[in-house]
>>> print(open('structure-v1.cif').read())   # mmCIF, C-alpha atoms
data_entry
loop_
_atom_site.label_atom_id
_atom_site.label_comp_id
_atom_site.auth_asym_id
_atom_site.auth_seq_id
_atom_site.Cartn_x
_atom_site.Cartn_y
_atom_site.Cartn_z
CA MET A 1183 15.96 17.71 23.31
CA MET A 1184 19.64 16.75 23.21
CA ILE A 1185 21.27 17.89 20.01
CA ALA A 1186 22.54 14.33 19.47
CA THR A 1187 18.99 12.98 19.75
CA LEU A 1188 17.76 15.59 17.31
CA LYS A 1189 20.53 14.65 14.90
CA GLY A 1190 19.38 11.03 15.07
CA TRP A 1191 15.76 11.88 14.32
CA TYR A 1192 16.78 14.30 11.57
CA PHE A 1193 18.87 11.54 10.01
CA ILE A 1194 15.84 9.21 10.06
CA HIS A 1195 13.61 11.93 8.59
CA LYS A 1196 16.02 12.68 5.78
CA TRP A 1197 16.83 9.14 4.74
CA SER A 1198 13.40 7.57 5.15
CA SER A 1199 11.98 10.45 3.08
CA LEU A 1200 14.59 10.07 0.37
CA VAL A 1201 13.87 6.36 0.05
CA CYS A 1202 10.09 6.64 -0.25
CA THR A 1203 9.35 10.09 -1.73
CA VAL A 1204 9.32 9.06 -5.40
CA PHE A 1205 6.90 6.22 -4.68
CA LEU A 1206 4.77 8.38 -2.41
CA LEU A 1207 4.53 10.99 -5.17
CA LEU A 1208 3.31 8.30 -7.54
CA LEU A 1209 0.79 7.11 -4.95
CA CYS A 1210 -0.49 10.64 -4.29
CA LEU A 1211 -0.74 11.50 -8.00
CA THR A 1212 -2.52 8.28 -9.01
CA GLY A 1213 -4.58 8.36 -5.82
CA LEU A 1214 -6.00 11.79 -6.63
CA PRO A 1215 -8.22 10.65 -9.55
CA LEU A 1216 -8.91 7.36 -7.76
CA ILE A 1217 -10.70 9.30 -4.99
CA PHE A 1218 -13.33 10.07 -7.67
CA ARG A 1219 -13.10 6.64 -9.24
CA ASP A 1220 -16.84 5.90 -9.28
CA GLU A 1221 -17.75 9.30 -10.76
CA LEU A 1222 -14.94 9.15 -13.35
CA ALA A 1223 -15.89 5.60 -14.36
CA VAL A 1224 -19.42 6.81 -15.20
CA TRP A 1225 -18.05 9.89 -16.94
CA LEU A 1226 -15.60 7.82 -19.01
CA GLY A 1227 -18.35 5.40 -19.98
CA ASP A 1228 -16.82 2.47 -18.08
CA ALA A 1229 -19.76 2.28 -15.70
CA VAL A 1230 -23.43 3.24 -15.69
CA GLU A 1231 -25.89 4.04 -12.94
CA PRO A 1232 -29.32 2.42 -12.85
CA PRO A 1233 -32.08 4.79 -14.06
CA GLU A 1234 -33.70 6.79 -11.26
CA HIS A 1235 -37.28 5.88 -12.05
CA VAL A 1236 -38.49 2.54 -13.35
CA THR A 1237 -41.81 0.82 -13.40
CA ALA A 1238 -41.24 -2.52 -11.75
CA THR A 1239 -43.23 -4.99 -13.83
CA GLU A 1240 -42.91 -8.33 -12.09
CA VAL A 1241 -40.81 -9.89 -9.37
CA VAL A 1242 -37.19 -10.13 -10.41
CA THR A 1243 -35.68 -13.55 -9.83
CA LEU A 1244 -31.95 -13.94 -9.49
CA ASP A 1245 -32.15 -17.15 -11.45
CA ALA A 1246 -33.44 -15.19 -14.44
CA LEU A 1247 -30.39 -12.88 -14.21
CA ILE A 1248 -28.07 -15.88 -14.00
CA LYS A 1249 -29.77 -17.49 -16.99
CA ASP A 1250 -29.38 -14.30 -19.02
CA ALA A 1251 -25.71 -13.94 -18.02
CA GLN A 1252 -25.08 -17.58 -18.89
CA SER A 1253 -26.68 -17.14 -22.32
CA ARG A 1254 -24.35 -14.22 -23.05
CA ARG A 1255 -21.31 -16.36 -22.18
CA PRO A 1256 -22.35 -19.99 -22.77
CA HIS A 1257 -18.89 -21.44 -22.15
CA ASP A 1258 -18.06 -19.53 -18.98
CA HIS A 1259 -19.07 -20.24 -15.39
CA VAL A 1260 -21.17 -18.02 -13.15
CA ARG A 1261 -19.07 -17.51 -10.02
CA PHE A 1262 -20.38 -14.61 -7.98
CA LEU A 1263 -23.51 -12.51 -7.60
CA THR A 1264 -22.85 -9.12 -6.04
CA LEU A 1265 -25.40 -6.59 -4.83
CA ASP A 1266 -24.18 -3.05 -5.47
CA ASP A 1267 -23.43 -0.95 -2.37
CA ASP A 1268 -25.35 2.17 -3.18
CA SER A 1269 -27.58 1.55 -6.18
CA PRO A 1270 -30.26 -1.04 -6.97
CA ALA A 1271 -28.09 -3.25 -9.16
CA TRP A 1272 -26.84 -6.82 -9.24
CA PHE A 1273 -23.53 -7.81 -10.81
CA VAL A 1274 -23.07 -11.31 -12.18
CA SER A 1275 -19.40 -12.26 -12.56
CA LEU A 1276 -18.26 -15.11 -14.74
CA GLY A 1277 -14.92 -16.84 -15.19
CA LYS A 1278 -13.31 -19.17 -17.70
CA THR A 1279 -13.31 -21.67 -14.85
CA LEU A 1280 -14.94 -21.60 -11.41
CA THR A 1281 -11.59 -21.03 -9.70
CA ALA A 1282 -9.88 -18.69 -12.23
CA GLN A 1283 -8.02 -15.70 -10.80
CA ASP A 1284 -9.77 -13.12 -13.01
CA ASN A 1285 -13.29 -12.55 -14.21
CA SER A 1286 -13.97 -13.17 -17.89
CA ALA A 1287 -17.07 -10.95 -17.79
CA LEU A 1288 -19.12 -8.85 -15.42
CA PHE A 1289 -22.78 -8.11 -16.24
CA MET A 1290 -24.85 -5.47 -14.51
CA TYR A 1291 -28.61 -5.81 -14.02
CA ASP A 1292 -31.28 -3.53 -12.61
CA ALA A 1293 -32.37 -5.09 -9.32
CA ARG A 1294 -35.92 -3.70 -9.70
CA THR A 1295 -36.71 -4.73 -13.28
CA GLY A 1296 -34.11 -7.39 -14.06
CA ALA A 1297 -33.10 -5.36 -17.13
CA PHE A 1298 -29.57 -5.85 -18.45
CA LEU A 1299 -27.79 -2.53 -17.88
CA HIS A 1300 -24.13 -2.78 -18.73
CA ASP A 1301 -21.14 -4.93 -19.55
CA PRO A 1302 -18.33 -2.96 -17.87
CA PRO A 1303 -14.88 -3.54 -19.36
CA THR A 1304 -12.72 -5.75 -17.17
CA ASN A 1305 -9.00 -5.10 -16.85
CA GLU A 1306 -8.69 -2.21 -19.32
CA GLY A 1307 -9.03 1.55 -19.56
CA LEU A 1308 -7.39 4.58 -17.94
CA MET A 1309 -8.89 4.10 -14.48
CA ASN A 1310 -7.78 0.48 -14.44
CA LEU A 1311 -4.23 1.57 -15.34
CA LEU A 1312 -4.18 4.20 -12.58
CA PHE A 1313 -5.57 1.64 -10.15
CA LYS A 1314 -2.94 -0.94 -11.05
CA LEU A 1315 -0.16 1.64 -10.74
CA HIS A 1316 -1.46 2.72 -7.36
CA VAL A 1317 -2.05 -0.75 -5.97
CA GLU A 1318 0.72 -2.88 -7.45
CA LEU A 1319 3.10 -0.77 -9.59
CA LEU A 1320 1.91 -2.97 -12.48
CA ALA A 1321 3.88 -5.80 -10.84
CA GLY A 1322 1.23 -7.96 -9.17
CA LEU A 1323 1.50 -9.06 -5.56
CA PRO A 1324 5.25 -8.33 -5.26
CA GLY A 1325 4.53 -4.75 -6.38
CA THR A 1326 1.80 -4.44 -3.75
CA LEU A 1327 4.04 -5.72 -0.97
CA PHE A 1328 6.86 -3.41 -2.12
CA LEU A 1329 4.49 -0.44 -1.88
CA GLY A 1330 3.52 -1.66 1.59
CA ALA A 1331 7.18 -1.54 2.61
CA MET A 1332 7.49 1.97 1.16
CA GLY A 1333 4.41 2.89 3.20
CA VAL A 1334 6.10 1.70 6.40
CA ILE A 1335 9.17 3.80 5.57
CA PHE A 1336 6.89 6.75 4.84
CA LEU A 1337 5.30 6.37 8.29
CA ALA A 1338 8.82 6.49 9.80
CA SER A 1339 9.42 9.66 7.81
CA VAL A 1340 6.20 11.24 9.11
CA VAL A 1341 6.85 10.28 12.74
CA SER A 1342 10.44 11.57 12.62
CA GLY A 1343 9.10 14.70 10.93
CA ILE A 1344 6.84 15.31 13.95
CA VAL A 1345 9.80 14.87 16.31
CA VAL A 1346 12.04 17.36 14.50
CA TYR A 1347 9.18 19.87 14.08
CA GLY A 1348 9.44 21.02 17.73
CA PRO A 1349 13.13 22.00 17.82
CA PHE A 1350 12.90 23.68 14.42
CA MET A 1351 9.85 25.70 15.46
CA ARG A 1352 11.03 26.91 18.86
CA LYS A 1353 11.38 30.50 17.69
CA LEU A 1354 8.67 30.67 15.04
CA PRO A 1355 5.02 31.20 16.00
CA PHE A 1356 2.65 28.68 14.42
CA GLY A 1357 1.74 29.55 10.85
CA THR A 1358 4.74 31.79 10.15
CA ILE A 1359 5.65 31.84 6.46
CA ARG A 1360 8.61 34.12 5.93
CA GLN A 1361 8.55 35.87 2.59
CA ASP A 1362 11.79 37.80 2.96
CA GLY A 1363 13.36 36.98 -0.37
CA SER A 1364 14.79 33.60 0.60
CA PHE A 1365 12.92 31.15 -1.57
CA ARG A 1366 14.35 28.26 0.42
CA ARG A 1367 13.20 29.70 3.74
CA THR A 1368 9.67 30.28 2.43
CA TRP A 1369 9.48 26.68 1.27
CA LEU A 1370 10.94 25.41 4.54
CA ASP A 1371 8.17 27.21 6.43
CA LEU A 1372 5.57 25.84 4.02
CA HIS A 1373 6.97 22.31 4.36
CA ASN A 1374 6.75 22.53 8.16
CA LEU A 1375 3.28 24.09 8.22
CA LEU A 1376 1.67 21.90 5.55
CA GLY A 1377 3.26 18.80 7.03
CA ILE A 1378 2.25 19.38 10.64
CA VAL A 1379 -1.36 20.47 10.07
CA THR A 1380 -2.16 17.42 7.91
CA VAL A 1381 -0.10 14.98 9.94
CA LEU A 1382 -2.92 12.99 11.51
CA TRP A 1383 -4.75 12.50 8.20
CA VAL A 1384 -1.48 11.46 6.53
CA LEU A 1385 -0.71 8.96 9.30
CA VAL A 1386 -4.19 7.42 9.05
CA VAL A 1387 -4.26 7.23 5.25
CA GLY A 1388 -0.67 5.93 5.22
CA ALA A 1389 -1.21 3.28 7.88
CA THR A 1390 -4.51 2.08 6.37
CA GLY A 1391 -2.81 1.99 2.96
CA VAL A 1392 -0.14 -0.30 4.42
CA VAL A 1393 -2.85 -2.55 5.88
CA ASN A 1394 -4.57 -2.63 2.48
CA THR A 1395 -1.41 -3.93 0.81
CA LEU A 1396 -1.96 -7.11 2.81
CA ASP A 1397 -5.48 -7.70 1.48
CA ARG A 1398 -4.66 -10.59 -0.84
CA PRO A 1399 -2.51 -12.52 1.67
CA LEU A 1400 -5.13 -11.96 4.39
CA LEU A 1401 -8.04 -13.08 2.18
CA ALA A 1402 -6.03 -16.11 1.05
CA TYR A 1403 -5.26 -16.97 4.68
CA TRP A 1404 -8.95 -16.67 5.59
CA GLN A 1405 -9.91 -18.84 2.64
CA MET A 1406 -7.33 -21.48 3.64
CA THR A 1407 -8.27 -21.52 7.34
CA GLU A 1408 -11.77 -20.48 8.35
CA ILE A 1409 -13.55 -20.84 4.99
CA ALA A 1410 -11.83 -24.19 4.38
CA ASP A 1411 -12.86 -25.22 7.90
CA MET A 1412 -16.51 -24.45 7.10
CA ILE A 1413 -16.41 -26.42 3.86
CA THR A 1414 -14.35 -29.45 4.97
CA PRO A 1415 -17.22 -31.56 6.41
CA TRP A 1416 -18.83 -31.56 2.93
CA LYS A 1417 -15.72 -31.75 0.80
CA ASP A 1418 -16.47 -35.25 -0.56
CA LYS A 1419 -20.06 -34.46 -1.49
CA SER A 1420 -20.70 -33.81 -5.14
CA VAL A 1421 -22.65 -31.00 -6.71
CA PRO A 1422 -26.33 -31.67 -5.93
CA ALA A 1423 -28.40 -32.93 -8.86
CA MET A 1424 -31.18 -30.50 -8.07
CA MET A 1425 -30.06 -27.07 -6.97
CA LYS A 1426 -32.43 -24.80 -5.07
CA PRO A 1427 -33.04 -21.44 -6.76
CA VAL A 1428 -30.57 -18.75 -5.68
CA ASP A 1429 -33.57 -16.69 -4.56
CA ASP A 1430 -34.35 -19.33 -1.90
CA VAL A 1431 -30.72 -19.22 -0.78
CA VAL A 1432 -30.94 -15.45 -0.38
CA LYS A 1433 -34.22 -15.75 1.58
CA THR A 1434 -32.59 -18.28 3.93
CA ALA A 1435 -29.55 -16.09 4.48
CA GLN A 1436 -31.70 -13.02 5.04
CA ALA A 1437 -33.73 -14.87 7.68
CA ALA A 1438 -30.56 -16.13 9.39
CA ALA A 1439 -29.08 -12.60 9.62
CA PRO A 1440 -32.12 -10.30 9.69
CA ASP A 1441 -30.20 -7.11 10.55
CA MET A 1442 -27.79 -7.59 7.63
CA ILE A 1443 -28.12 -7.54 3.84
CA VAL A 1444 -26.52 -9.58 1.08
CA ARG A 1445 -23.17 -8.34 -0.19
CA PHE A 1446 -22.24 -11.21 -2.47
CA ILE A 1447 -22.90 -14.88 -3.13
CA ALA A 1448 -20.17 -17.35 -4.06
CA PHE A 1449 -21.40 -20.23 -6.21
CA PRO A 1450 -20.73 -23.93 -5.52
CA GLY A 1451 -17.27 -24.93 -6.67
CA THR A 1452 -15.65 -21.50 -6.33
CA LEU A 1453 -12.81 -20.84 -3.88
CA PHE A 1454 -15.15 -19.25 -1.35
CA ALA A 1455 -17.84 -21.94 -1.36
CA GLY A 1456 -17.96 -25.73 -1.07
CA PRO A 1457 -18.82 -28.19 -3.85
CA HIS A 1458 -22.24 -28.67 -2.25
CA HIS A 1459 -22.87 -25.17 -0.93
CA TYR A 1460 -23.33 -21.53 -1.71
CA MET A 1461 -21.50 -19.10 0.53
CA VAL A 1462 -23.57 -16.00 1.16
CA PHE A 1463 -21.61 -13.03 2.50
CA MET A 1464 -23.84 -10.71 4.48
CA ARG A 1465 -22.90 -7.16 5.44
CA GLY A 1466 -23.98 -4.64 8.09
CA GLN A 1467 -26.04 -1.57 7.32
CA THR A 1468 -24.42 1.27 9.26
CA PRO A 1469 -21.47 3.28 7.90
CA LEU A 1470 -19.25 1.45 10.41
CA THR A 1471 -20.45 -2.10 9.64
CA GLU A 1472 -21.40 -1.89 5.96
CA ARG A 1473 -18.03 -3.26 4.91
CA LEU A 1474 -17.88 -6.03 7.52
CA LEU A 1475 -18.89 -9.46 6.26
CA LYS A 1476 -20.50 -12.51 7.79
CA PRO A 1477 -20.21 -15.75 5.77
CA LEU A 1478 -23.18 -18.15 5.76
CA LEU A 1479 -22.70 -21.59 4.25
CA VAL A 1480 -26.00 -22.52 2.59
CA ASP A 1481 -26.70 -26.03 1.31
CA ALA A 1482 -27.42 -25.89 -2.44
CA ALA A 1483 -29.75 -28.91 -2.29
CA THR A 1484 -31.91 -27.83 0.63
CA ALA A 1485 -31.31 -24.07 0.96
CA GLN A 1486 -30.65 -24.59 4.69
CA VAL A 1487 -27.82 -22.84 6.57
CA SER A 1488 -25.08 -25.38 7.35
CA ASP A 1489 -22.63 -23.08 9.09
CA ALA A 1490 -22.11 -19.41 9.93
CA ARG A 1491 -19.03 -17.60 11.18
CA ASN A 1492 -18.04 -14.18 12.35
CA LEU A 1493 -15.31 -12.24 10.65
CA PRO A 1494 -11.82 -12.84 12.09
CA TRP A 1495 -10.17 -9.80 13.70
CA TYR A 1496 -7.58 -9.35 10.96
CA LEU A 1497 -10.27 -9.02 8.28
CA THR A 1498 -12.21 -6.61 10.48
CA VAL A 1499 -9.06 -4.47 10.62
CA LEU A 1500 -8.57 -4.78 6.85
CA LEU A 1501 -12.17 -3.98 5.93
CA LEU A 1502 -12.33 -1.02 8.33
CA SER A 1503 -9.05 0.30 6.89
CA GLN A 1504 -10.56 0.51 3.43
CA PRO A 1505 -12.90 3.48 3.91
CA LEU A 1506 -10.26 5.32 5.96
CA HIS A 1507 -7.86 4.97 3.04
CA PHE A 1508 -10.32 5.61 0.19
CA GLY A 1509 -12.27 8.50 1.80
CA ASP A 1510 -15.47 7.18 0.21
CA TYR A 1511 -17.64 7.08 3.33
CA GLY A 1512 -18.93 10.63 3.67
CA GLY A 1513 -20.32 11.72 0.32
CA MET A 1514 -18.83 14.07 -2.27
CA PRO A 1515 -17.72 16.80 0.19
CA LEU A 1516 -15.53 14.27 2.01
CA LYS A 1517 -13.99 13.22 -1.30
CA VAL A 1518 -13.20 16.86 -2.07
CA VAL A 1519 -11.56 17.31 1.35
CA TRP A 1520 -9.62 14.08 0.71
CA ALA A 1521 -8.41 15.49 -2.62
CA VAL A 1522 -7.33 18.79 -1.01
CA LEU A 1523 -5.38 16.95 1.71
CA ASP A 1524 -3.81 14.75 -0.99
CA VAL A 1525 -2.64 17.84 -2.89
CA VAL A 1526 -1.22 19.30 0.34
CA THR A 1527 0.69 16.05 0.84
CA ILE A 1528 2.10 16.32 -2.69
CA LEU A 1529 3.33 19.83 -1.82
CA VAL A 1530 4.98 18.51 1.37
CA LEU A 1531 6.75 15.79 -0.64
CA VAL A 1532 7.91 18.15 -3.39
CA SER A 1533 9.05 20.85 -0.94
CA GLY A 1534 10.92 18.22 1.06
CA LEU A 1535 12.79 17.14 -2.05
CA TYR A 1536 13.52 20.76 -2.95
CA LEU A 1537 14.83 21.56 0.55
CA TRP A 1538 17.05 18.49 0.54
CA SER A 1539 18.53 19.49 -2.84
CA LYS A 1540 19.37 22.95 -1.47
CA LYS A 1541 20.90 22.01 1.86
CA ARG A 1542 22.53 18.67 1.37
CA ASN A 1543 25.83 19.74 2.91
CA MET A 1544 24.52 21.55 5.95
CA SER A 1545 24.72 20.14 9.47
CA VAL A 1546 21.70 20.05 11.74
CA GLU A 1547 23.22 22.90 13.79
CA GLN A 1548 23.54 25.09 10.72
CA LEU A 1549 20.00 24.23 9.69
CA LEU A 1550 18.66 25.12 13.12
CA ILE A 1551 20.39 28.48 12.99
CA GLN A 1552 19.12 29.13 9.49
CA THR A 1553 15.64 28.12 10.47
CA GLU A 1554 15.34 30.58 13.27
CA SER A 1555 14.61 34.09 12.26
CA ASP A 1556 17.34 35.68 14.36
CA ARG A 1557 21.00 34.90 14.22
CA GLU A 1558 21.40 33.52 17.71
CA MET A 1559 23.95 30.76 17.83
CA VAL A 1560 22.97 27.31 18.93
CA PRO A 1561 25.69 25.76 21.08
CA SER A 1562 27.15 22.99 19.03
CA SER A 1563 28.66 20.74 21.67
CA PRO A 1564 27.20 17.32 21.02
CA GLN A 1565 26.44 16.61 24.68
CA GLY A 1566 24.73 18.65 27.30
CA THR A 1567 22.76 20.88 24.98
CA VAL A 1568 19.08 20.77 25.75
CA LEU A 1569 16.60 22.17 23.32
CA PRO A 1570 13.07 22.79 24.56
CA MET B 741 11.26 36.88 19.04
CA THR B 742 14.49 35.76 20.64
CA ARG B 743 12.90 33.84 23.49
CA PRO B 744 12.10 30.22 22.75
CA LEU B 745 8.38 29.57 22.54
CA SER B 746 6.68 27.44 25.16
CA THR B 747 5.65 23.86 24.42
CA ARG B 748 2.05 25.02 24.32
CA GLN B 749 2.85 27.74 21.80
CA ILE B 750 4.66 25.28 19.54
CA TRP B 751 2.29 22.33 19.84
CA GLY B 752 -1.09 23.89 20.67
CA MET B 753 -2.36 24.36 17.11
CA PRO B 754 -0.90 21.13 15.69
CA ILE B 755 -2.52 19.12 18.49
CA LEU B 756 -5.85 20.93 18.08
CA LEU B 757 -5.85 20.36 14.31
CA SER B 758 -4.89 16.70 14.74
CA PHE B 759 -7.72 16.27 17.23
CA LEU B 760 -10.18 17.86 14.78
CA SER B 761 -8.84 15.64 11.97
CA ALA B 762 -9.43 12.57 14.13
CA VAL B 763 -12.99 13.73 14.88
CA GLY B 764 -13.57 14.19 11.14
CA LEU B 765 -12.15 10.80 10.19
CA VAL B 766 -14.25 8.95 12.76
CA SER B 767 -17.55 10.84 12.64
CA ALA B 768 -18.47 9.91 9.04
CA LEU B 769 -17.96 6.27 10.03
CA LEU B 770 -20.45 6.59 12.88
CA GLY B 771 -23.45 7.78 10.91
CA ASP B 772 -24.82 9.71 7.96
CA GLY B 773 -26.33 13.18 7.69
CA ILE B 774 -25.11 15.32 10.60
CA TRP B 775 -22.15 12.97 11.18
CA ASP B 776 -21.02 13.43 7.58
CA ALA B 777 -21.36 17.20 7.88
CA LEU B 778 -19.30 17.20 11.10
CA SER B 779 -16.67 15.17 9.26
CA TRP B 780 -16.47 17.68 6.38
CA VAL B 781 -16.12 20.66 8.70
CA ALA B 782 -13.62 19.01 11.06
CA LEU B 783 -11.39 17.69 8.26
CA ALA B 784 -11.49 21.05 6.48
CA THR B 785 -9.78 22.77 9.44
CA PRO B 786 -6.19 21.83 8.43
CA PRO B 787 -6.61 23.29 4.90
CA ALA B 788 -8.33 26.29 6.51
CA ALA B 789 -5.31 26.79 8.80
CA ILE B 790 -3.03 26.76 5.73
CA ALA B 791 -5.22 29.32 3.98
CA TRP B 792 -5.15 31.48 7.11
CA ALA B 793 -1.34 31.34 7.28
CA LEU B 794 -1.02 32.23 3.59
CA TYR B 795 -3.56 35.02 3.37
CA ARG B 796 -3.75 36.61 6.81
CA PRO B 797 -3.13 40.36 6.88
CA ALA B 798 0.50 41.37 7.30
CA ARG B 799 1.33 41.99 10.95
#
>>> encode(input="structure-v1.cif", output="structure tokens")
Amino acid sequence: MMIATLKGWYFIHKWSSLVCTVFLLLLCLTGLPLIFRDELAVWLGDAVEPPEHVTATEVVTLDALIKDAQSRRPHDHVRFLTLDDDSPAWFVSLGKTLTAQDNSALFMYDARTGAFLHDPPTNEGLMNLLFKLHVELLAGLPGTLFLGAMGVIFLASVVSGIVVYGPFMRKLPFGTIRQDGSFRRTWLDLHNLLGIVTVLWVLVVGATGVVNTLDRPLLAYWQMTEIADMITPWKDKSVPAMMKPVDDVVKTAQAAAPDMIVRFIAFPGTLFAGPHHYMVFMRGQTPLTERLLKPLLVDAATAQVSDARNLPWYLTVLLLSQPLHFGDYGGMPLKVVWAVLDVVTILVLVSGLYLWSKKRNMSVEQLLIQTESDREMVPSSPQGTVLP
Amino acid sequence: MTRPLSTRQIWGMPILLSFLSAVGLVSALLGDGIWDALSWVALATPPAAIAWALYRPAR
């Protein structure tokens, strides 16, 4: 590599890292507990798990759950019914209005007995604070988009880090950590080793994190285009006088997409359904497809499917990025590995900052010489020098 | 140690570990059970390489 080219990449590595490191540290530190979010929520009392054994008495109707939820919040509106991913539980979410941004309440029911299980706190608690710091810097959508931009800069830092790794390692066998009294040199070796061995994981988690920062704009775009397109033919129809039971709607949807299961149901009048329709979002059942959704527009008066669409490509990308960012798709051991790799990334960030503070005034040539274990000079003419 | 290392010597292990990381990231998406186990093992190789570098016997 030409020394001038190396200087360019080193410049990118240094400055992109300096811009994003503080934010990346925050993301890695808040992300660490968020890996175990579900377990911590139960432990902190913010969430419960349905009991393992129950005696199912009679058939549970969704309408009974809705009625119970409505009686607990007589002035609010039932907006969504969500089937839990990995436990037999339904969540009923209510809002002050049908189209409000936030839920006013979320009630959890046992899907086998219909028993009321829990009223998880919305928008409060330690995990919620960590989540909001991680996702939006407590600054709403602008905070999210800012973190997305920091993520892009971080990716530039990682890629330039890969490029400069080669020239800096041309005399050091892989895995060398010199412990010869120079604290800085030991940490340089650690920075290089820890960074390069985790680089693919960091690139994937970083890139999928950037994609996730676009979730609200992408969902809003989908709602304004495809979902609106599904609803438009019925937009002047009013709410039907007689609504079919939600259980019939679910049966219809299940029959229309037999290899899928219900993920959530948007009620008539909400942003994701028409005035005259439920929107039932079905999901796949394999680890790859369980996050992918298929919307079915179901007539509230007849419980017949009016329209069905496939997920647009950009939402497929978004929904597949989620597991690859969260690390929640391979059980507890995968979460532990995720946490270890996150801690390694924190060490790379901190050691990078430390190294920068110790060598701010050194040129790339001096750094190269210092990096190599012997004292051989690197020719410093800017042109014509080729490094392997 | 004065001779520059070959490209293979410099990049062999990083490329192998990145390949294993990719296998680990993808396999748990493809299925449960054995696919999850493959994912755990494959993604544990980068931390294992770090542990090896830190604790290997002095040469």
>>> resolve_selection(input="structure-v1.cif", expression="the PyMOL selection byres ((chain A and resi 1252-1254) around 12)", output="PyMOL selection string")
chain A and resi 1245-1251+1255-1261+1274-1278+1286-1289+1298+1301
>>> closest_residue(input="structure-v1.cif", among="A:Ser1533, A:Asn1492, A:Thr1434, A:Gln1467", to="Asp1268 in chain A", atoms="all atoms listed in the file")
A:Gln1467
>>> atom_distance(input="structure-v1.cif", atom1="CA of Leu1550 in chain A", atom2="CA of Ala793 in chain B")
21.7 Å
>>> atom_distance(input="structure-v1.cif", atom1="CA of Ser767 in chain B", atom2="CA of Leu1400 in chain A")
27.2 Å
>>> interface_residues(input="structure-v1.cif", of="chain A", to="chain B", cutoff="9 Å", atoms="all atoms listed in the file", output="ChimeraX atom specification")
/A:1347-1348,1351-1359,1372,1375-1376,1378-1383,1386,1468-1471,1505-1506,1509,1511-1513,1515-1516,1519-1520,1522-1523,1526,1555-1556,1558,1570
>>> residues_around(input="structure-v1.cif", residues="range 1538-1545 of chain A", least_positions_apart="6", cutoff="10 Å", atoms="all atoms listed in the file", output="ChimeraX atom specification")
/A:1189,1196,1199-1200,1366,1532,1552
>>> closest_residue(input="structure-v1.cif", among="A:Lys1314, A:His1507, A:Arg1445, A:Arg1398", to="Trp1272 in chain A", atoms="only C-alpha atoms")
A:Arg1445
>>> axis_aligned_box(input="structure-v1.cif", around="range 763-781 of chain B", padding_each_side="6 Å", output="JSON")
{"center_x": -19.2, "center_y": 13.5, "center_z": 10.6, "size_x": 26.2, "size_y": 26.4, "size_z": 20.5}
>>> atom_distance(input="structure-v1.cif", atom1="CA of Met1424 in chain A", atom2="CA of Glu1408 in chain A")
27.3 Å
>>> resolve_selection(input="structure-v1.cif", expression="the PyMOL selection byres ((chain A and resi 1436) around 12)", output="PyMOL selection string")
chain A and resi 1429-1435+1437-1445+1462-1466+1476-1478+1480+1485-1487
>>> residues_around(input="structure-v1.cif", residues="Ala1238 in chain A", least_positions_apart="4", cutoff="9 Å", atoms="all atoms listed in the file", output="PyMOL selection string")
chain A and resi 1242+1294-1296
>>> build_atoms(input="structure-v1.cif", residues="range 1258-1268 of chain A", atoms="N, CA and C atoms", output="mmCIF file, in the frame of the given file")
data_model
loop_
_atom_site.group_PDB
_atom_site.id
_atom_site.type_symbol
_atom_site.label_atom_id
_atom_site.label_comp_id
_atom_site.auth_asym_id
_atom_site.auth_seq_id
_atom_site.Cartn_x
_atom_site.Cartn_y
_atom_site.Cartn_z
ATOM 1 N N ASP A 1258 -18.663 -19.941 -20.245
ATOM 2 C CA ASP A 1258 -18.060 -19.530 -18.980
ATOM 3 C C ASP A 1258 -18.923 -19.981 -17.797
ATOM 4 N N HIS A 1259 -18.377 -19.794 -16.597
ATOM 5 C CA HIS A 1259 -19.070 -20.240 -15.390
ATOM 6 C C HIS A 1259 -19.471 -19.046 -14.530
ATOM 7 N N VAL A 1260 -20.717 -19.056 -14.078
ATOM 8 C CA VAL A 1260 -21.170 -18.020 -13.150
ATOM 9 C C VAL A 1260 -20.528 -18.302 -11.791
ATOM 10 N N ARG A 1261 -19.838 -17.271 -11.252
ATOM 11 C CA ARG A 1261 -19.070 -17.510 -10.020
ATOM 12 C C ARG A 1261 -19.590 -16.713 -8.830
ATOM 13 N N PHE A 1262 -19.936 -15.456 -9.090
ATOM 14 C CA PHE A 1262 -20.380 -14.610 -7.980
ATOM 15 C C PHE A 1262 -21.560 -13.744 -8.407
ATOM 16 N N LEU A 1263 -22.426 -13.481 -7.435
ATOM 17 C CA LEU A 1263 -23.510 -12.510 -7.600
ATOM 18 C C LEU A 1263 -23.238 -11.436 -6.562
ATOM 19 N N THR A 1264 -23.172 -10.179 -6.986
ATOM 20 C CA THR A 1264 -22.850 -9.120 -6.040
ATOM 21 C C THR A 1264 -23.936 -8.053 -6.082
ATOM 22 N N LEU A 1265 -24.428 -7.674 -4.912
ATOM 23 C CA LEU A 1265 -25.400 -6.590 -4.830
ATOM 24 C C LEU A 1265 -24.619 -5.291 -4.667
ATOM 25 N N ASP A 1266 -24.922 -4.303 -5.520
ATOM 26 C CA ASP A 1266 -24.180 -3.050 -5.470
ATOM 27 C C ASP A 1266 -24.403 -2.351 -4.114
ATOM 28 N N ASP A 1267 -23.376 -1.611 -3.683
ATOM 29 C CA ASP A 1267 -23.430 -0.950 -2.370
ATOM 30 C C ASP A 1267 -24.498 0.122 -2.304
ATOM 31 N N ASP A 1268 -24.525 0.977 -3.328
ATOM 32 C CA ASP A 1268 -25.350 2.170 -3.180
ATOM 33 C C ASP A 1268 -26.309 2.408 -4.342
#
